[in-house]
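Here's the structure, in structure tokens; my notes come after.
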Amino acid sequence: MAKIGFVGLGKMGSPMAANLIRAGHDVRGFDVVPHALAAAKQAGITIASSAGDAASGVEVVITMLPEGCHVLEVYRTNLVGNAGPGTLFIDCSTIDLKSARDAHAIAQAAGMASLDAPVSGGVVGATNATLTFMVGGEDAAARRAEPILSAMGKKIVHCGPAGTGQTAKACNNMILGASMIAVCEAFVLSERLGISAQALFDVVSTSSGQCWAVTTYCPVPGPVPSSPANHGYKPGFAASLMLKDLKLAREAAEMVGAQTTLGRHAADIYTGYEAAGFGASDFSGIINHIRAQGETECA
Ligand code: NAD
């Protein structure tokens, strides 16, 4: 079993660290926010006195932080100077591609092994150890990470060299953001044309329009009882996080000159939803925004 330092004990990091402990690993965690530390302690995580302290004397350092600037700052200031040579750095945060590549470069220049390994599955997946990990980095580092990541997730895909985990994450969430909007438009259109939501669901869920946004996360109350639509659009996956990921996909597309028209348009639509005050709602709540905009245009 490995000695692991875990930095960033928020909504995702805390349950992920708790699952590592459940699997028998020795975990020391750190967060800058006192209430996150208190919650992590309650979950059985040993608390380090600083990020540097969490990184010293361990074989693996995992980060789960909000954005690229946080990851780079912690890598530079706290982690590489305190970790022993050859420590495996695994960044599970969802961050921009350039920062991910920079983080690899910082770690490797300091003699560390390093991976980007963002996740899909949200807080429920983090709690139930059913996350999907999208891994970028060298083969040897990915093989070393396998027993650690498998304690927190059910599927690990080694996508390729440094940064490809973040690329896969951006692509996946660009599909999800655009497909959720398409599904919401279809349900609003069918409402107006007099088809019940259940009838449309019964058709689409077994026809060629079928997708995760319909079958698992249906944005209208009724057809999928576990979807946030049945719980006042409480997240789930907050609209602000979807917008963050759509912006990361847009930035990545600009870096390589890829045309992502629908992805960009989805980012614009989610920008409007967030500006209307719904950033903390589940991203499937965009259906209410789409419905209300149509009503305004008809009035
Ligand atoms: P969060 O805000 O709950 O947790 C992030 C934690 O990092 C916070 O507790 C914060 O205090 C801590 N932190 C910030 N700077 C730090 C520093 N310098 N040192 C130590 N701790 C520091 O966010 P989250 O929901 O846990 O998300 C973490 C990452 O996972 C993000 O990149 C997010 O995009 C990604 N993600 C989130 C979800 C989700 O459903 N919440 C799903 C998939 C991916």
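A note on labels: chains of the structure tokens are A, B, ... as shown, every chain counts residues from 1, and ligands are counted from 1 in their shown order.
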Excluding Val32 (chain A) and residues on its chain fewer than 5 positions from it, collect all residues at most 12 Å away from it, counting only C-alpha atoms, and give them as a compact mmCIF listing (two decimals) with N, CA and C atoms, in the first residue's frame.
```
# COMPACT_ATOMS: atom_id res chain seq x y z
N VAL A 7 -3.70 16.99 -2.05
CA VAL A 7 -3.86 18.44 -1.89
C VAL A 7 -5.12 18.90 -2.62
N GLY A 8 -6.04 19.51 -1.86
CA GLY A 8 -7.33 19.94 -2.40
C GLY A 8 -8.42 18.98 -1.94
N LEU A 9 -8.98 19.26 -0.74
CA LEU A 9 -9.95 18.34 -0.13
C LEU A 9 -11.36 18.93 -0.20
N GLY A 10 -11.75 19.34 -1.41
CA GLY A 10 -13.08 19.94 -1.61
C GLY A 10 -14.12 18.87 -1.89
N LEU A 37 -10.80 21.18 5.73
CA LEU A 37 -9.92 20.34 6.56
C LEU A 37 -10.73 19.61 7.63
N ALA A 38 -11.68 20.37 8.24
CA ALA A 38 -12.49 19.76 9.30
C ALA A 38 -13.32 18.61 8.74
N ILE A 47 -4.52 14.96 8.57
CA ILE A 47 -4.31 16.31 8.04
C ILE A 47 -2.84 16.70 8.14
N ALA A 48 -2.28 17.16 7.02
CA ALA A 48 -0.90 17.67 7.00
C ALA A 48 -0.92 19.15 7.36
N SER A 49 0.24 19.68 7.77
CA SER A 49 0.26 21.08 8.21
C SER A 49 0.36 22.06 7.03
N SER A 50 0.73 21.55 5.86
CA SER A 50 0.84 22.40 4.66
C SER A 50 0.85 21.47 3.44
N ALA A 51 0.75 22.07 2.25
CA ALA A 51 0.83 21.25 1.02
C ALA A 51 2.21 20.59 0.94
N LEU A 65 -7.67 20.45 -7.53
CA LEU A 65 -7.77 21.89 -7.28
C LEU A 65 -8.67 22.55 -8.33
N HIS A 70 -4.02 27.40 -9.84
CA HIS A 70 -3.82 26.81 -8.50
C HIS A 70 -2.84 25.63 -8.58
N VAL A 74 0.81 25.59 -6.66
CA VAL A 74 1.11 24.57 -5.65
C VAL A 74 2.30 23.71 -6.08
```
Inset, instruction - Throw together the list of residues within 7 Å of ligand 1, counting only C-alpha atoms and all ligand atoms, and drop it here as a VMD selection string. - result: chain A and resid 7 to 13 30 to 33 36 51 64 to 67 70 73 to 74 92 to 95 118 to 123 236 to 237 241
Dump of C-alpha atoms for the selected residues, as an mmCIF file, in the first residue's frame:
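The resulting out.cif:
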```cif
data_model
loop_
_atom_site.group_PDB
_atom_site.id
_atom_site.type_symbol
_atom_site.label_atom_id
_atom_site.label_comp_id
_atom_site.auth_asym_id
_atom_site.auth_seq_id
_atom_site.Cartn_x
_atom_site.Cartn_y
_atom_site.Cartn_z
ATOM 1 C CA VAL A 7 -3.862 18.444 -1.886
ATOM 2 C CA GLY A 8 -7.335 19.936 -2.402
ATOM 3 C CA LEU A 9 -9.950 18.338 -0.134
ATOM 4 C CA GLY A 10 -13.076 19.940 -1.609
ATOM 5 C CA LYS A 11 -16.263 18.361 -2.922
ATOM 6 C CA MET A 12 -14.320 15.883 -5.076
ATOM 7 C CA GLY A 13 -10.974 15.577 -3.274
ATOM 8 C CA PHE A 30 -4.155 19.384 2.940
ATOM 9 C CA ASP A 31 -6.498 22.211 1.929
ATOM 10 C CA VAL A 32 -6.231 25.975 2.439
ATOM 11 C CA VAL A 33 -9.820 26.249 3.726
ATOM 12 C CA ALA A 36 -12.608 21.586 4.153
ATOM 13 C CA ALA A 51 0.832 21.250 1.025
ATOM 14 C CA MET A 64 -7.621 18.102 -6.928
ATOM 15 C CA LEU A 65 -7.774 21.893 -7.280
ATOM 16 C CA PRO A 66 -10.090 24.402 -8.984
ATOM 17 C CA GLU A 67 -8.018 25.708 -11.920
ATOM 18 C CA HIS A 70 -3.819 26.806 -8.499
ATOM 19 C CA GLU A 73 1.247 27.622 -7.945
ATOM 20 C CA VAL A 74 1.109 24.573 -5.645
ATOM 21 C CA CYS A 92 -6.864 15.083 -11.154
ATOM 22 C CA SER A 93 -8.143 18.677 -11.483
ATOM 23 C CA THR A 94 -9.891 19.792 -14.684
ATOM 24 C CA ILE A 95 -7.568 22.476 -16.078
ATOM 25 C CA PRO A 118 -9.004 14.493 -14.802
ATOM 26 C CA VAL A 119 -12.192 12.660 -13.938
ATOM 27 C CA SER A 120 -15.769 12.205 -15.019
ATOM 28 C CA GLY A 121 -18.533 11.082 -12.678
ATOM 29 C CA GLY A 122 -18.965 14.036 -10.321
ATOM 30 C CA VAL A 123 -19.361 13.956 -6.550
ATOM 31 C CA GLY A 236 -25.453 17.230 -9.851
ATOM 32 C CA PHE A 237 -23.111 19.111 -12.117
ATOM 33 C CA LEU A 241 -18.618 23.940 -14.009
#
```
Inset, instruction - Find the residues around Ala275 (chain A) up to 12 Å (only C-alpha atoms counted), leave out those fewer than 4 positions away in its own chain, and share them as a list in words. - result: Ala239, Ser240, Leu243, Asp268, Ile269, Tyr270, Thr271, Gly279, Ala280 and His289 of chain A
Inset, instruction - Kindly give the distance, in Å, that separates CA of Leu262 (chain A) and CA of Leu246 (chain A), rounded to a single decimal. - result: 10.4 Å
Legend entry - A:Gly153, A:Gly111, A:Gly285, A:Gly263 ranked by distance to Asp245 (chain A), top pick (using only C-alpha atoms): A:Gly263
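The residue that comes closest to Thr77 (chain A), out of A:Gly52, A:Gly57, A:Gly125, A:Gly44 and on the basis of only C-alpha atoms, is A:Gly52.
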Inset, instruction - Quick one: everything within 9 Å of Gly177 (chain A), counting only C-alpha atoms, minus sequence neighbours fewer than 2 positions away in the same chain. Send it as a VMD selection string. - result: chain A and resid 172 to 175 179 to 182 242 to 243 245 to 246 263 266 to 267 270 283
Store the residues picked out above in a file with all heavy atoms, as a compact mmCIF listing (two decimals), in the first residue's frame.
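That gives us out_31.txt:
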```txt
# COMPACT_ATOMS: atom_id res chain seq x y z
N ASN A 172 -15.05 15.37 -24.14
CA ASN A 172 -16.24 14.72 -23.59
C ASN A 172 -17.26 15.76 -23.13
O ASN A 172 -18.46 15.67 -23.43
CB ASN A 172 -15.86 13.82 -22.41
CG ASN A 172 -17.08 13.12 -21.83
OD1 ASN A 172 -17.65 12.24 -22.44
ND2 ASN A 172 -17.52 13.56 -20.65
N ASN A 173 -16.79 16.78 -22.38
CA ASN A 173 -17.75 17.73 -21.83
C ASN A 173 -18.29 18.70 -22.88
O ASN A 173 -19.38 19.23 -22.73
CB ASN A 173 -17.15 18.44 -20.61
CG ASN A 173 -17.24 17.52 -19.40
OD1 ASN A 173 -17.32 16.30 -19.56
ND2 ASN A 173 -17.24 18.08 -18.21
N MET A 174 -17.52 18.90 -23.97
CA MET A 174 -18.06 19.69 -25.07
C MET A 174 -19.24 18.93 -25.71
O MET A 174 -20.28 19.52 -26.02
CB MET A 174 -16.97 19.98 -26.10
CG MET A 174 -17.42 20.93 -27.18
SD MET A 174 -16.08 21.33 -28.31
CE MET A 174 -15.98 19.83 -29.27
N ILE A 175 -19.09 17.61 -25.86
CA ILE A 175 -20.20 16.80 -26.39
C ILE A 175 -21.40 16.91 -25.45
O ILE A 175 -22.54 17.14 -25.87
CB ILE A 175 -19.78 15.31 -26.53
CG1 ILE A 175 -18.70 15.14 -27.59
CG2 ILE A 175 -21.00 14.45 -26.86
CD1 ILE A 175 -18.07 13.74 -27.61
N SER A 179 -24.92 18.49 -26.40
CA SER A 179 -26.04 17.54 -26.52
C SER A 179 -27.14 17.86 -25.51
O SER A 179 -28.32 17.70 -25.81
CB SER A 179 -25.56 16.09 -26.39
OG SER A 179 -24.98 15.85 -25.14
N MET A 180 -26.76 18.37 -24.32
CA MET A 180 -27.80 18.75 -23.36
C MET A 180 -28.66 19.88 -23.93
O MET A 180 -29.90 19.86 -23.81
CB MET A 180 -27.17 19.17 -22.02
CG MET A 180 -28.19 19.62 -20.98
SD MET A 180 -29.49 18.40 -20.63
CE MET A 180 -28.67 17.29 -19.50
N ILE A 181 -28.03 20.85 -24.58
CA ILE A 181 -28.81 21.94 -25.16
C ILE A 181 -29.73 21.41 -26.26
O ILE A 181 -30.92 21.76 -26.32
CB ILE A 181 -27.86 23.05 -25.69
CG1 ILE A 181 -27.19 23.75 -24.52
CG2 ILE A 181 -28.63 24.06 -26.55
CD1 ILE A 181 -26.04 24.67 -24.90
N ALA A 182 -29.23 20.53 -27.11
CA ALA A 182 -30.06 19.96 -28.19
C ALA A 182 -31.25 19.20 -27.60
O ALA A 182 -32.39 19.33 -28.07
CB ALA A 182 -29.21 19.04 -29.06
N MET A 242 -19.95 23.39 -15.97
CA MET A 242 -20.10 23.09 -17.41
C MET A 242 -19.52 24.24 -18.24
O MET A 242 -18.80 24.01 -19.23
CB MET A 242 -21.58 22.85 -17.74
CG MET A 242 -21.85 22.71 -19.23
SD MET A 242 -20.78 21.53 -20.10
CE MET A 242 -21.56 19.97 -19.69
N LEU A 243 -19.82 25.47 -17.83
CA LEU A 243 -19.30 26.62 -18.59
C LEU A 243 -17.77 26.64 -18.54
O LEU A 243 -17.11 26.87 -19.57
CB LEU A 243 -19.88 27.93 -18.03
CG LEU A 243 -19.38 29.21 -18.68
CD1 LEU A 243 -19.62 29.21 -20.18
CD2 LEU A 243 -20.04 30.43 -18.04
N ASP A 245 -15.79 24.09 -18.35
CA ASP A 245 -15.27 23.05 -19.24
C ASP A 245 -15.45 23.42 -20.71
O ASP A 245 -14.59 23.13 -21.54
CB ASP A 245 -15.95 21.71 -18.93
CG ASP A 245 -15.55 21.17 -17.55
OD1 ASP A 245 -14.66 21.79 -16.92
OD2 ASP A 245 -16.12 20.17 -17.10
N LEU A 246 -16.57 24.09 -21.03
CA LEU A 246 -16.78 24.51 -22.43
C LEU A 246 -15.75 25.58 -22.82
O LEU A 246 -15.28 25.61 -23.96
CB LEU A 246 -18.20 25.05 -22.60
CG LEU A 246 -19.30 23.98 -22.57
CD1 LEU A 246 -20.68 24.62 -22.44
CD2 LEU A 246 -19.25 23.11 -23.83
N GLY A 263 -19.69 23.67 -30.02
CA GLY A 263 -19.08 23.80 -28.69
C GLY A 263 -19.00 25.27 -28.28
O GLY A 263 -19.29 25.62 -27.13
N ALA A 266 -22.46 26.51 -27.52
CA ALA A 266 -22.90 26.01 -26.20
C ALA A 266 -22.30 26.87 -25.09
O ALA A 266 -22.98 27.22 -24.12
CB ALA A 266 -22.49 24.55 -26.03
N ALA A 267 -21.03 27.25 -25.24
CA ALA A 267 -20.40 28.11 -24.22
C ALA A 267 -21.13 29.45 -24.13
O ALA A 267 -21.37 29.96 -23.02
CB ALA A 267 -18.92 28.34 -24.56
N TYR A 270 -24.45 28.87 -22.24
CA TYR A 270 -24.23 28.69 -20.79
C TYR A 270 -23.74 30.00 -20.14
O TYR A 270 -24.01 30.25 -18.96
CB TYR A 270 -23.28 27.52 -20.50
CG TYR A 270 -24.05 26.23 -20.42
CD1 TYR A 270 -24.08 25.35 -21.48
CD2 TYR A 270 -24.81 25.94 -19.29
CE1 TYR A 270 -24.83 24.19 -21.42
CE2 TYR A 270 -25.56 24.78 -19.21
CZ TYR A 270 -25.57 23.91 -20.28
OH TYR A 270 -26.34 22.77 -20.21
N PHE A 283 -26.65 21.91 -14.59
CA PHE A 283 -26.54 22.38 -15.98
C PHE A 283 -27.75 21.99 -16.83
O PHE A 283 -28.04 22.63 -17.84
CB PHE A 283 -25.22 21.92 -16.62
CG PHE A 283 -25.21 20.51 -17.14
CD1 PHE A 283 -25.16 20.26 -18.49
CD2 PHE A 283 -25.24 19.43 -16.27
CE1 PHE A 283 -25.15 18.96 -18.98
CE2 PHE A 283 -25.23 18.12 -16.74
CZ PHE A 283 -25.18 17.88 -18.10
```
Legend entry - For CA of Ser14 (chain A) and CA of Leu115 (chain A), the interatomic separation in Å (one decimal): 19.9 Å
Legend entry - Coordinates-based distance that separates CA of Gly272 (chain A) from CA of Ser205 (chain A) (Å, one decimal):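 Rounded to one decimal, the two atoms are 28.5 Å apart.
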Legend entry - Close residues, Phe89 (chain A) itself excluded, 8 Å, only C-alpha atoms, min 3 positions apart in chain, as a VMD selection string: chain A and resid 60 to 63 107 112 to 115
Inset, instruction - Measuring atom to atom with only C-alpha atoms, identify which of A:Asn82, A:Leu72, A:Ile4, A:Cys171 is nearest to Thr46 (chain A). - result: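 Going through A:Asn82, A:Leu72, A:Ile4, A:Cys171 one by one, the smallest distance to Thr46 (chain A) is for A:Ile4.
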Inset, instruction - Please return as a PyMOL selection string: the residues of region 40-258 of chain A that backbone DSSP assigns to strand (DSSP E or B). - result: chain A and resi 46-47+60-63+88-91+113-116+119-120+131-137+153-160+238
Could you give me the residues within region 122-240 of chain A that DSSP places in alpha helix (DSSP H), as an mmCIF file with N, CA and C atoms, in the first residue's frame?
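Below you can see out-v8.cif, which holds the result:
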```
data_model
loop_
_atom_site.group_PDB
_atom_site.id
_atom_site.type_symbol
_atom_site.label_atom_id
_atom_site.label_comp_id
_atom_site.auth_asym_id
_atom_site.auth_seq_id
_atom_site.Cartn_x
_atom_site.Cartn_y
_atom_site.Cartn_z
ATOM 1 N N GLY A 122 -18.447 13.103 -11.320
ATOM 2 C CA GLY A 122 -18.965 14.036 -10.321
ATOM 3 C C GLY A 122 -18.803 13.552 -8.886
ATOM 4 N N VAL A 123 -19.500 14.236 -7.982
ATOM 5 C CA VAL A 123 -19.361 13.956 -6.550
ATOM 6 C C VAL A 123 -19.870 12.544 -6.231
ATOM 7 N N VAL A 124 -20.916 12.107 -6.948
ATOM 8 C CA VAL A 124 -21.445 10.750 -6.707
ATOM 9 C C VAL A 124 -20.378 9.712 -7.075
ATOM 10 N N GLY A 125 -19.719 9.919 -8.221
ATOM 11 C CA GLY A 125 -18.662 8.992 -8.645
ATOM 12 C C GLY A 125 -17.476 9.035 -7.696
ATOM 13 N N ALA A 126 -17.156 10.243 -7.198
ATOM 14 C CA ALA A 126 -16.041 10.379 -6.248
ATOM 15 C C ALA A 126 -16.364 9.649 -4.947
ATOM 16 N N THR A 127 -17.617 9.727 -4.516
ATOM 17 C CA THR A 127 -18.029 9.097 -3.257
ATOM 18 C C THR A 127 -18.088 7.578 -3.387
ATOM 19 N N ASN A 128 -18.614 7.113 -4.538
ATOM 20 C CA ASN A 128 -18.813 5.659 -4.716
ATOM 21 C C ASN A 128 -17.615 4.967 -5.365
ATOM 22 N N ASP A 139 3.999 5.962 -20.249
ATOM 23 C CA ASP A 139 3.448 4.633 -19.948
ATOM 24 C C ASP A 139 3.822 4.156 -18.539
ATOM 25 N N ALA A 140 5.105 4.345 -18.180
ATOM 26 C CA ALA A 140 5.562 3.820 -16.879
ATOM 27 C C ALA A 140 4.818 4.508 -15.738
ATOM 28 N N ALA A 141 4.604 5.824 -15.867
ATOM 29 C CA ALA A 141 3.876 6.563 -14.821
ATOM 30 C C ALA A 141 2.423 6.096 -14.773
ATOM 31 N N ALA A 142 1.819 5.873 -15.949
ATOM 32 C CA ALA A 142 0.421 5.426 -15.990
ATOM 33 C C ALA A 142 0.287 4.048 -15.331
ATOM 34 N N ARG A 143 1.280 3.168 -15.559
ATOM 35 C CA ARG A 143 1.220 1.824 -14.935
ATOM 36 C C ARG A 143 1.353 1.946 -13.416
ATOM 37 N N ARG A 144 2.233 2.850 -12.969
ATOM 38 C CA ARG A 144 2.394 3.051 -11.513
ATOM 39 C C ARG A 144 1.104 3.561 -10.876
ATOM 40 N N ALA A 145 0.381 4.410 -11.632
ATOM 41 C CA ALA A 145 -0.827 5.049 -11.068
ATOM 42 C C ALA A 145 -2.014 4.095 -10.984
ATOM 43 N N GLU A 146 -1.996 3.059 -11.813
ATOM 44 C CA GLU A 146 -3.168 2.182 -11.950
ATOM 45 C C GLU A 146 -3.758 1.711 -10.603
ATOM 46 N N PRO A 147 -2.942 1.134 -9.686
ATOM 47 C CA PRO A 147 -3.555 0.652 -8.424
ATOM 48 C C PRO A 147 -4.077 1.779 -7.536
ATOM 49 N N ILE A 148 -3.520 2.986 -7.721
ATOM 50 C CA ILE A 148 -3.996 4.129 -6.918
ATOM 51 C C ILE A 148 -5.335 4.604 -7.487
ATOM 52 N N LEU A 149 -5.366 4.807 -8.802
ATOM 53 C CA LEU A 149 -6.589 5.332 -9.421
ATOM 54 C C LEU A 149 -7.736 4.326 -9.307
ATOM 55 N N THR A 164 -3.012 14.737 -22.657
ATOM 56 C CA THR A 164 -4.108 14.106 -23.407
ATOM 57 C C THR A 164 -5.300 13.734 -22.511
ATOM 58 N N GLY A 165 -5.058 13.609 -21.209
ATOM 59 C CA GLY A 165 -6.187 13.398 -20.297
ATOM 60 C C GLY A 165 -7.095 14.624 -20.310
ATOM 61 N N GLN A 166 -6.479 15.814 -20.225
ATOM 62 C CA GLN A 166 -7.278 17.056 -20.255
ATOM 63 C C GLN A 166 -7.968 17.221 -21.604
ATOM 64 N N THR A 167 -7.295 16.802 -22.674
ATOM 65 C CA THR A 167 -7.911 16.905 -24.002
ATOM 66 C C THR A 167 -9.177 16.051 -24.059
ATOM 67 N N ALA A 168 -9.073 14.814 -23.569
ATOM 68 C CA ALA A 168 -10.230 13.911 -23.591
ATOM 69 C C ALA A 168 -11.374 14.479 -22.755
ATOM 70 N N LYS A 169 -11.018 15.049 -21.605
ATOM 71 C CA LYS A 169 -12.052 15.620 -20.718
ATOM 72 C C LYS A 169 -12.772 16.782 -21.410
ATOM 73 N N ALA A 170 -11.993 17.672 -22.041
ATOM 74 C CA ALA A 170 -12.592 18.827 -22.718
ATOM 75 C C ALA A 170 -13.508 18.357 -23.846
ATOM 76 N N CYS A 171 -13.062 17.335 -24.599
ATOM 77 C CA CYS A 171 -13.884 16.828 -25.710
ATOM 78 C C CYS A 171 -15.170 16.195 -25.181
ATOM 79 N N ASN A 172 -15.055 15.372 -24.139
ATOM 80 C CA ASN A 172 -16.242 14.725 -23.586
ATOM 81 C C ASN A 172 -17.262 15.764 -23.127
ATOM 82 N N ASN A 173 -16.788 16.783 -22.384
ATOM 83 C CA ASN A 173 -17.755 17.734 -21.831
ATOM 84 C C ASN A 173 -18.286 18.700 -22.879
ATOM 85 N N MET A 174 -17.520 18.901 -23.966
ATOM 86 C CA MET A 174 -18.064 19.690 -25.074
ATOM 87 C C MET A 174 -19.238 18.931 -25.715
ATOM 88 N N ILE A 175 -19.085 17.613 -25.861
ATOM 89 C CA ILE A 175 -20.196 16.804 -26.388
ATOM 90 C C ILE A 175 -21.400 16.912 -25.449
ATOM 91 N N LEU A 176 -21.133 16.773 -24.144
ATOM 92 C CA LEU A 176 -22.224 16.787 -23.162
ATOM 93 C C LEU A 176 -22.949 18.132 -23.150
ATOM 94 N N GLY A 177 -22.182 19.243 -23.155
ATOM 95 C CA GLY A 177 -22.811 20.578 -23.105
ATOM 96 C C GLY A 177 -23.682 20.806 -24.327
ATOM 97 N N ALA A 178 -23.153 20.479 -25.507
ATOM 98 C CA ALA A 178 -23.913 20.707 -26.739
ATOM 99 C C ALA A 178 -25.112 19.759 -26.817
ATOM 100 N N SER A 179 -24.925 18.488 -26.399
ATOM 101 C CA SER A 179 -26.037 17.539 -26.520
ATOM 102 C C SER A 179 -27.136 17.863 -25.513
ATOM 103 N N MET A 180 -26.762 18.368 -24.321
ATOM 104 C CA MET A 180 -27.805 18.750 -23.362
ATOM 105 C C MET A 180 -28.660 19.876 -23.930
ATOM 106 N N ILE A 181 -28.030 20.847 -24.576
ATOM 107 C CA ILE A 181 -28.808 21.943 -25.160
ATOM 108 C C ILE A 181 -29.731 21.412 -26.257
ATOM 109 N N ALA A 182 -29.235 20.528 -27.108
ATOM 110 C CA ALA A 182 -30.059 19.963 -28.186
ATOM 111 C C ALA A 182 -31.251 19.202 -27.596
ATOM 112 N N VAL A 183 -31.008 18.436 -26.525
ATOM 113 C CA VAL A 183 -32.085 17.669 -25.892
ATOM 114 C C VAL A 183 -33.123 18.629 -25.292
ATOM 115 N N CYS A 184 -32.642 19.696 -24.628
ATOM 116 C CA CYS A 184 -33.568 20.666 -24.020
ATOM 117 C C CYS A 184 -34.419 21.332 -25.099
ATOM 118 N N GLU A 185 -33.792 21.700 -26.214
ATOM 119 C CA GLU A 185 -34.547 22.335 -27.304
ATOM 120 C C GLU A 185 -35.637 21.382 -27.807
ATOM 121 N N ALA A 186 -35.307 20.096 -27.918
ATOM 122 C CA ALA A 186 -36.288 19.120 -28.415
ATOM 123 C C ALA A 186 -37.459 18.974 -27.445
ATOM 124 N N PHE A 187 -37.167 18.944 -26.135
ATOM 125 C CA PHE A 187 -38.268 18.799 -25.163
ATOM 126 C C PHE A 187 -39.145 20.056 -25.144
ATOM 127 N N VAL A 188 -38.541 21.246 -25.289
ATOM 128 C CA VAL A 188 -39.347 22.476 -25.315
ATOM 129 C C VAL A 188 -40.190 22.513 -26.592
ATOM 130 N N LEU A 189 -39.587 22.137 -27.717
ATOM 131 C CA LEU A 189 -40.329 22.119 -28.986
ATOM 132 C C LEU A 189 -41.515 21.152 -28.893
ATOM 133 N N SER A 190 -41.260 19.967 -28.335
ATOM 134 C CA SER A 190 -42.350 18.979 -28.291
ATOM 135 C C SER A 190 -43.465 19.429 -27.336
ATOM 136 N N GLU A 191 -43.098 20.132 -26.255
ATOM 137 C CA GLU A 191 -44.113 20.709 -25.343
ATOM 138 C C GLU A 191 -45.037 21.641 -26.126
ATOM 139 N N ARG A 192 -44.422 22.516 -26.899
ATOM 140 C CA ARG A 192 -45.190 23.514 -27.662
ATOM 141 C C ARG A 192 -46.097 22.853 -28.696
ATOM 142 N N ALA A 197 -43.896 14.951 -22.342
ATOM 143 C CA ALA A 197 -42.465 14.681 -22.134
ATOM 144 C C ALA A 197 -42.222 13.177 -22.082
ATOM 145 N N GLN A 198 -43.144 12.441 -21.453
ATOM 146 C CA GLN A 198 -42.958 10.988 -21.338
ATOM 147 C C GLN A 198 -42.986 10.333 -22.714
ATOM 148 N N ALA A 199 -43.916 10.782 -23.576
ATOM 149 C CA ALA A 199 -43.997 10.188 -24.925
ATOM 150 C C ALA A 199 -42.715 10.472 -25.701
ATOM 151 N N LEU A 200 -42.219 11.704 -25.624
ATOM 152 C CA LEU A 200 -40.971 12.011 -26.346
ATOM 153 C C LEU A 200 -39.822 11.166 -25.792
ATOM 154 N N PHE A 201 -39.761 11.057 -24.458
ATOM 155 C CA PHE A 201 -38.710 10.244 -23.836
ATOM 156 C C PHE A 201 -38.787 8.797 -24.341
ATOM 157 N N ASP A 202 -40.004 8.242 -24.353
ATOM 158 C CA ASP A 202 -40.161 6.835 -24.748
ATOM 159 C C ASP A 202 -39.682 6.621 -26.182
ATOM 160 N N VAL A 203 -39.898 7.623 -27.038
ATOM 161 C CA VAL A 203 -39.439 7.500 -28.430
ATOM 162 C C VAL A 203 -37.930 7.677 -28.506
ATOM 163 N N VAL A 204 -37.422 8.819 -27.969
ATOM 164 C CA VAL A 204 -36.008 9.174 -28.176
ATOM 165 C C VAL A 204 -35.077 8.186 -27.466
ATOM 166 N N TRP A 212 -26.821 10.279 -23.385
ATOM 167 C CA TRP A 212 -26.787 10.321 -21.915
ATOM 168 C C TRP A 212 -27.698 11.415 -21.359
ATOM 169 N N ALA A 213 -27.748 12.567 -22.068
ATOM 170 C CA ALA A 213 -28.566 13.701 -21.599
ATOM 171 C C ALA A 213 -30.053 13.358 -21.599
ATOM 172 N N VAL A 214 -30.453 12.359 -22.387
ATOM 173 C CA VAL A 214 -31.851 11.899 -22.368
ATOM 174 C C VAL A 214 -32.014 10.762 -21.361
ATOM 175 N N THR A 215 -31.200 9.709 -21.502
ATOM 176 C CA THR A 215 -31.513 8.468 -20.776
ATOM 177 C C THR A 215 -31.112 8.491 -19.313
ATOM 178 N N ALA A 239 -23.985 24.388 -13.478
ATOM 179 C CA ALA A 239 -23.863 25.060 -14.781
ATOM 180 C C ALA A 239 -22.531 25.810 -14.885
ATOM 181 N N SER A 240 -22.046 26.365 -13.770
ATOM 182 C CA SER A 240 -20.770 27.106 -13.810
ATOM 183 C C SER A 240 -19.604 26.167 -14.147
#
```
Legend entry - A:Gly163, A:Ser99, A:Ala129, A:Ile195 ranked by distance to Asp116 (chain A), top pick (using only C-alpha atoms):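 Going through A:Gly163, A:Ser99, A:Ala129, A:Ile195 one by one, the smallest distance to Asp116 (chain A) is for A:Gly163.
Each of A:Val58, A:Ala151, A:Ile287, A:Ala252 was compared to Leu20 (chain A) using only C-alpha atoms, and A:Ala151 turns out to be the nearest.
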